[in-house]
Number of protein chains: 2
Amino acid sequence: MHHASDILFTLFIVFVAAQIGGEIAQRLKLPGVVGEIAAGCAIGPSLLGWITPAQILPGTPLDVLAEVGVILLLFAVGLETRLEDLKKVGKIAFAVGVIGVIVPFAMGSVWAHGNGFDWGRSLFVAAAFVATSAGITARVLQELGALQRVESKVILGAAVIDDILAMLLLGVVVSLQGGGSFDASHLLLVLAGAVGFIVVIGWGGARVMRWNSRWLDTPLGPHSPLMIVLALCLGLACLSTMFGLAAIIGAFLAGMIASETRQQHTLEQQVKPLLALLTPFFFVVTGSKIDLHELASADALWMLAVVTVIAVISKFIGGWLGSLPLGARSATIIGFGMVPRGEVGIVVASLGLAAGVFDNRIYALIVAMSLLTAMVTPPILAVLLKRSQVTQAP
Amino acid sequence: MHHASDILFTLFIVFVAAQIGGEIAQRLKLPGVVGEIAAGCAIGPSLLGWITPAQILPGTPLDVLAEVGVILLLFAVGLETRLEDLKKVGKIAFAVGVIGVIVPFAMGSVWAHGNGFDWGRSLFVAAAFVATSAGITARVLQELGALQRVESKVILGAAVIDDILAMLLLGVVVSLQGGGSFDASHLLLVLAGAVGFIVVIGWGGARVMRWNSRWLDTPLGPHSPLMIVLALCLGLACLSTMFGLAAIIGAFLAGMIASETRQQHTLEQQVKPLLALLTPFFFVVTGSKIDLHELASADALWMLAVVTVIAVISKFIGGWLGSLPLGARSATIIGFGMVPRGEVGIVVASLGLAAGVFDNRIYALIVAMSLLTAMVTPPILAVLLKRSQVTQAP
């Protein structure tokens with residue numbers, strides 16, 4: 001009768017920790033998400049140990065709940081994003097995405113080479129500097145009700161571009177590192193697949209829904225539109241992983257498609273409780289991955305500070321340069337919005353560790369850097385967005 | 001980047017199968033839950049194999065999602081149940097619970113003994129006949145909008161009593177089977193703990209909320225009452241397992257407590273999308289546990305038919321006798337409402353298999369019986385409830 005009760009207890013702990021962390025952060029005028037990540041760090045293996053390392057391995061219930069949480073988050077963000085709005089900022093988002101990949105990759109590989117890695121390994125380390133994690137920024141934009149701003153559209157559009165480029169780059173560095181030959185035609189095929197997926201699904205799906213969304217009400221169940229778009233969300237999340245993209249890209253596309261339906265407003269209301277229950281798992285699990293022990297020396301902390309500064313500055317420069325046509329103030333918001341690396345940097349680090357490219361210390365360093373960028377960004381973004389709202393108001 | 005994608009795909013399959021099964025069932029004028037269980041059987045290991053046996057073991061992501069789903073379901077049912085209403089039917093619910101345990105236990109042990117089990121093992125087998133699974137009935141009552149009927153209150157109250165008695169009985173048969181001495185004082189302690197837990201939490205919690213529920217709005221988050229009651233739900237679900245009760249009892253109590261708040265109506269609305277997303281996992285996983293291979297002989301099917309008939313009749317008699325003061329029509333509804341065994345029978349069977357009391361065939365038999373009672377009940381209940389609504393109307 002009580003088989004799952006241990007895991008239930010962990011879920012309870014994680015959920016309550018997220019609420020307490022979020023509450024404290026908000027009382028300190030910080031975005032709630034910072035508190036949730038900090039709560040994860042506090043109850044994680046490094047400090048209290050209420051979450052064990054084994055509980056946050058890939059494929060564990062906590063990990064799956066976290067994944068579902070971030071998928072729903074990006075779905076909800078997509079629900080507030082119209083394809084038309086993205087198209088309007090398309091060129092700038094493209095520039096932000098591309099320059100925002102080139103600058104961190106260049107600076108990251110120079111730093112790694114300067115620290116004694118050969119060029120092959122340096123490129124691998126640099127790949128961890130590249131990919132923006134849209135989840136953190138999306139949550140901050142949502143918390144502040146800023147999803148309709150032009151800067152938000154640029155950030156979300158750029159995050160999609162960014163994810164495609166990061167995936168390609170990762171493919172290249174892994175094959176280079178594995179000693180395999182660099183197969184450009186294969187890479188082009190992968191690129192074509194990913195772009196094709198996004199264009200066909202995003203553009204085609206939006207058109208279908210705009211043309212007719214009354215069929216969503218055909219099934220007899222009381223929540224049929226919700227059920228259909230949730231199925232679409234899970235389905236596209238899976239499908240996008242099959243094209244080598246992050247699951248959240250598919251979820252974002254599903255939300256964007258659903259935003260064209262006439263049930264859009266109801267769906268937005270219904271998705272909110274789902275986010276409330278499930279996204280805390282994502283942020284707490286993210287925070288719990290910080291390994292403080294590997295960083296418990298002045299030397300390591302100094303290195304972490306340097307790496308984090310490089311990661312923040314390089315991404316900021318990329319985003320800022322790409323969006324300068326929108327004016328310096330918007331460019332600053334967009335530049336910082338692209339900074340969080342979150343789980344993508346962690347995945348690169350895990351691959352590097354598994355391939356023997358990194359040792360444990362550089363692994364911990366990259367993971368901590370990814371999470372620090374995620375912790376540092378929300379407060380800055382909140383201040384920037386509030387200030388520009390105030391000056392826009394009168 | 002794509003670590004959880006295999007599991008994501010399974011979640012997608014399960015979710016879509018539930019929707020299709022539910023839709024077909026509703027088109028056939030059956031409760032949706034029947035279709036969801038049948039869909040689970042279809043995609044489960046016995047038929048299509050899209051869910052593997054390893055994926056539904058205790059503690060796997062799918063199992064945890066299913067558990068969270070049924071917890072939220074009973075929480076939602078609790079939200080529509082006032083303590084005052086339960087008190088009014090207290091005596092009858094008690095009678096239904098007690099007689100509804102005695103009759104199936106007696107008939108089950110006689111049947112098992114008649115089939116060659118010694119008395120110790122027969123009592124173990126009979127324990128699998130006892131515990132009602134409130135989830136299935138609750139879902140049917142909810143689907144038909146019948147939660148406010150007096151029969152529903154009796155069924156829910158009796159399910160709580162039933163769970164206490166089943167837990168005690170299981171404790172007794174396990175210790176008898178293990179050759180341990182029968183420790184009555186320990187058992188009394190367990191009983192006192194369980195009853196104390198329910199009374200203190202249910203009665204005390206309801207009083208606190210009725211006295212003042214404005215504090216639920218104190219936190220700064222946008223959904224603070226929902227977050228607090230969800231934390232309460234997870235917390236009480238865990239706590240009730242620590243008192244040896246099913247997690248759903250704690251969830252039901254949490255819902256009942258929350259029903260006393262002034263935010264009750266909002267909460268009801270917010271919980272609906274959570275149920276829509278998560279309860280399908282429970283019913284599909286339940287259905288996928290039916291092992292058709294062990295039952296693929298005329299002999300086994302005949303035995304299954306006999307066992308199921310005994311299980312249905314004995315529980316029906318118990319419920320019917322206990323609730324006869326309400327009139328024959330209500331007693332019939334309540335009798336059938338207590339019939340589903342669902343996951344509790346499966347847990348007893350698993351314990352029996354692990355203890356070497358059963359072989360694989362009797363294990364499959366008991367699991368299939370539990371699930372058959374769950375499949376058979378909803379349509380009968382739906383017809384009975386609709387008919388009595390029609391005759392009540394004029």
# chains A, B, ... in the order shown; residues from 1 in each chain; ligands from 1

call {"tool": "residues_around", "arguments": {"residues": "region 184-188 of chain B", "least_positions_apart": "6", "cutoff": "10 Å", "atoms": "only C-alpha atoms", "output": "PyMOL selection string"}}
result
chain B and resi 168-169+171-172+194

call {"tool": "residues_around", "arguments": {"residues": "region 60-70 of chain A", "least_positions_apart": "6", "cutoff": "7 Å", "atoms": "only C-alpha atoms", "output": "PyMOL selection string"}}
result
(chain A and resi 135+248+275+278-279+281-282+285) or (chain B and resi 4+60-61+64)

call {"tool": "residues_around", "arguments": {"residues": "Val150 (chain B)", "least_positions_apart": "6", "cutoff": "12 Å", "atoms": "only C-alpha atoms", "output": "JSON, numbers by chain"}}
result
{"B": [81, 82, 85, 86, 87, 88, 89, 90, 92, 93, 141, 156, 157, 323, 326, 327, 329, 330, 331, 333, 334, 385]}

call {"tool": "write_last_selection", "arguments": {"atoms": "N, CA and C atoms", "output": "PDB file, in the first residue's frame"}}
result
ATOM      1  N   THR B  81     -15.929  17.545   0.036  1.00  0.00           N
ATOM      2  CA  THR B  81     -16.528  16.804   1.149  1.00  0.00           C
ATOM      3  C   THR B  81     -16.351  17.587   2.447  1.00  0.00           C
ATOM      4  N   ARG B  82     -17.455  17.935   3.056  1.00  0.00           N
ATOM      5  CA  ARG B  82     -17.380  18.648   4.328  1.00  0.00           C
ATOM      6  C   ARG B  82     -17.396  17.654   5.486  1.00  0.00           C
ATOM      7  N   ASP B  85     -20.828  16.826   6.759  1.00  0.00           N
ATOM      8  CA  ASP B  85     -21.606  15.855   5.992  1.00  0.00           C
ATOM      9  C   ASP B  85     -21.177  14.432   6.330  1.00  0.00           C
ATOM     10  N   LEU B  86     -19.872  14.242   6.507  1.00  0.00           N
ATOM     11  CA  LEU B  86     -19.381  12.908   6.859  1.00  0.00           C
ATOM     12  C   LEU B  86     -19.904  12.491   8.228  1.00  0.00           C
ATOM     13  N   LYS B  87     -19.916  13.468   9.149  1.00  0.00           N
ATOM     14  CA  LYS B  87     -20.386  13.156  10.508  1.00  0.00           C
ATOM     15  C   LYS B  87     -21.826  12.665  10.481  1.00  0.00           C
ATOM     16  N   LYS B  88     -22.646  13.299   9.630  1.00  0.00           N
ATOM     17  CA  LYS B  88     -24.063  12.927   9.560  1.00  0.00           C
ATOM     18  C   LYS B  88     -24.246  11.472   9.175  1.00  0.00           C
ATOM     19  N   VAL B  89     -23.363  10.976   8.311  1.00  0.00           N
ATOM     20  CA  VAL B  89     -23.497   9.580   7.861  1.00  0.00           C
ATOM     21  C   VAL B  89     -22.528   8.664   8.610  1.00  0.00           C
ATOM     22  N   GLY B  90     -21.947   9.189   9.688  1.00  0.00           N
ATOM     23  CA  GLY B  90     -20.884   8.463  10.373  1.00  0.00           C
ATOM     24  C   GLY B  90     -21.237   7.038  10.763  1.00  0.00           C
ATOM     25  N   ILE B  92     -23.610   4.968   9.682  1.00  0.00           N
ATOM     26  CA  ILE B  92     -23.838   4.066   8.551  1.00  0.00           C
ATOM     27  C   ILE B  92     -22.518   3.761   7.845  1.00  0.00           C
ATOM     28  N   ALA B  93     -21.677   4.794   7.679  1.00  0.00           N
ATOM     29  CA  ALA B  93     -20.384   4.571   7.039  1.00  0.00           C
ATOM     30  C   ALA B  93     -19.566   3.565   7.846  1.00  0.00           C
ATOM     31  N   LEU B 141     -17.876   8.771  -9.263  1.00  0.00           N
ATOM     32  CA  LEU B 141     -18.788   9.722  -8.604  1.00  0.00           C
ATOM     33  C   LEU B 141     -18.522  11.136  -9.098  1.00  0.00           C
ATOM     34  N   LEU B 156     -17.382   7.318   0.874  1.00  0.00           N
ATOM     35  CA  LEU B 156     -16.083   7.902   1.203  1.00  0.00           C
ATOM     36  C   LEU B 156     -15.748   7.694   2.679  1.00  0.00           C
ATOM     37  N   GLY B 157     -16.734   7.876   3.528  1.00  0.00           N
ATOM     38  CA  GLY B 157     -16.500   7.629   4.950  1.00  0.00           C
ATOM     39  C   GLY B 157     -16.143   6.175   5.199  1.00  0.00           C
ATOM     40  N   SER B 323     -25.731  -0.384   4.893  1.00  0.00           N
ATOM     41  CA  SER B 323     -26.403   0.875   4.570  1.00  0.00           C
ATOM     42  C   SER B 323     -27.896   0.706   4.342  1.00  0.00           C
ATOM     43  N   LEU B 326     -30.699   3.301   4.907  1.00  0.00           N
ATOM     44  CA  LEU B 326     -30.943   4.397   3.956  1.00  0.00           C
ATOM     45  C   LEU B 326     -31.947   4.012   2.875  1.00  0.00           C
ATOM     46  N   GLY B 327     -32.425   2.767   2.911  1.00  0.00           N
ATOM     47  CA  GLY B 327     -33.339   2.306   1.864  1.00  0.00           C
ATOM     48  C   GLY B 327     -32.602   1.417   0.876  1.00  0.00           C
ATOM     49  N   ARG B 329     -32.568   1.214  -2.402  1.00  0.00           N
ATOM     50  CA  ARG B 329     -31.945   1.807  -3.592  1.00  0.00           C
ATOM     51  C   ARG B 329     -30.574   2.402  -3.248  1.00  0.00           C
ATOM     52  N   SER B 330     -30.515   3.189  -2.191  1.00  0.00           N
ATOM     53  CA  SER B 330     -29.232   3.759  -1.780  1.00  0.00           C
ATOM     54  C   SER B 330     -28.260   2.670  -1.379  1.00  0.00           C
ATOM     55  N   ALA B 331     -28.780   1.631  -0.677  1.00  0.00           N
ATOM     56  CA  ALA B 331     -27.910   0.543  -0.235  1.00  0.00           C
ATOM     57  C   ALA B 331     -27.288  -0.168  -1.435  1.00  0.00           C
ATOM     58  N   ILE B 333     -26.564   1.203  -4.375  1.00  0.00           N
ATOM     59  CA  ILE B 333     -25.502   2.082  -4.891  1.00  0.00           C
ATOM     60  C   ILE B 333     -24.257   1.968  -4.022  1.00  0.00           C
ATOM     61  N   ILE B 334     -24.452   2.030  -2.716  1.00  0.00           N
ATOM     62  CA  ILE B 334     -23.314   1.976  -1.794  1.00  0.00           C
ATOM     63  C   ILE B 334     -22.627   0.622  -1.882  1.00  0.00           C
ATOM     64  N   LEU B 385     -26.747   5.292 -10.606  1.00  0.00           N
ATOM     65  CA  LEU B 385     -26.828   6.697 -10.199  1.00  0.00           C
ATOM     66  C   LEU B 385     -27.735   7.489 -11.135  1.00  0.00           C
TER      67      LEU B 385
END

call {"tool": "atom_distance", "arguments": {"atom1": "CA of Lys272 (chain A)", "atom2": "CA of Ile136 (chain A)"}}
result
16.8 Å

call {"tool": "select_by_dssp", "arguments": {"residues": "region 53-284 of chain A", "states": "alpha helix (DSSP H)", "output": "number ranges by chain"}}
result
A: 61-79, 83-88, 90-114, 119-127, 134-143, 150-177, 184-199, 205-211, 224-242, 247-258, 264-284

call {"tool": "closest_residue", "arguments": {"among": "A:Ala254, A:Leu234, A:Leu372, A:Leu321", "to": "chain B", "atoms": "only C-alpha atoms"}}
result
A:Leu234

call {"tool": "atom_distance", "arguments": {"atom1": "CA of Ile228 (chain B)", "atom2": "CA of Gln142 (chain B)"}}
result
23.7 Å

call {"tool": "closest_residue", "arguments": {"among": "A:Ile317, A:Leu381, A:Ala237, A:Val376", "to": "Phe12 (chain B)", "atoms": "only C-alpha atoms"}}
result
A:Ala237

call {"tool": "atom_distance", "arguments": {"atom1": "CA of Val383 (chain A)", "atom2": "CA of Met227 (chain B)"}}
result
26.4 Å

call {"tool": "residues_around", "arguments": {"residues": "Val101 (chain B)", "least_positions_apart": "2", "cutoff": "10 Å", "atoms": "only C-alpha atoms", "output": "PyMOL selection string"}}
result
chain B and resi 95-99+103-106+127+129-132+161-163+165-166+169+314-315+318-319

call {"tool": "closest_residue", "arguments": {"among": "A:Val110, A:Ala231, A:Ile51, A:Leu253", "to": "chain B", "atoms": "only C-alpha atoms"}}
result
A:Ala231

call {"tool": "residues_around", "arguments": {"residues": "region 202-210 of chain A", "least_positions_apart": "2", "cutoff": "12 Å", "atoms": "only C-alpha atoms", "output": "ChimeraX atom specification"}}
result
/A:78-79,81-84,86-87,157,160,194-200,212-216,225,229,232,236,240,249-264
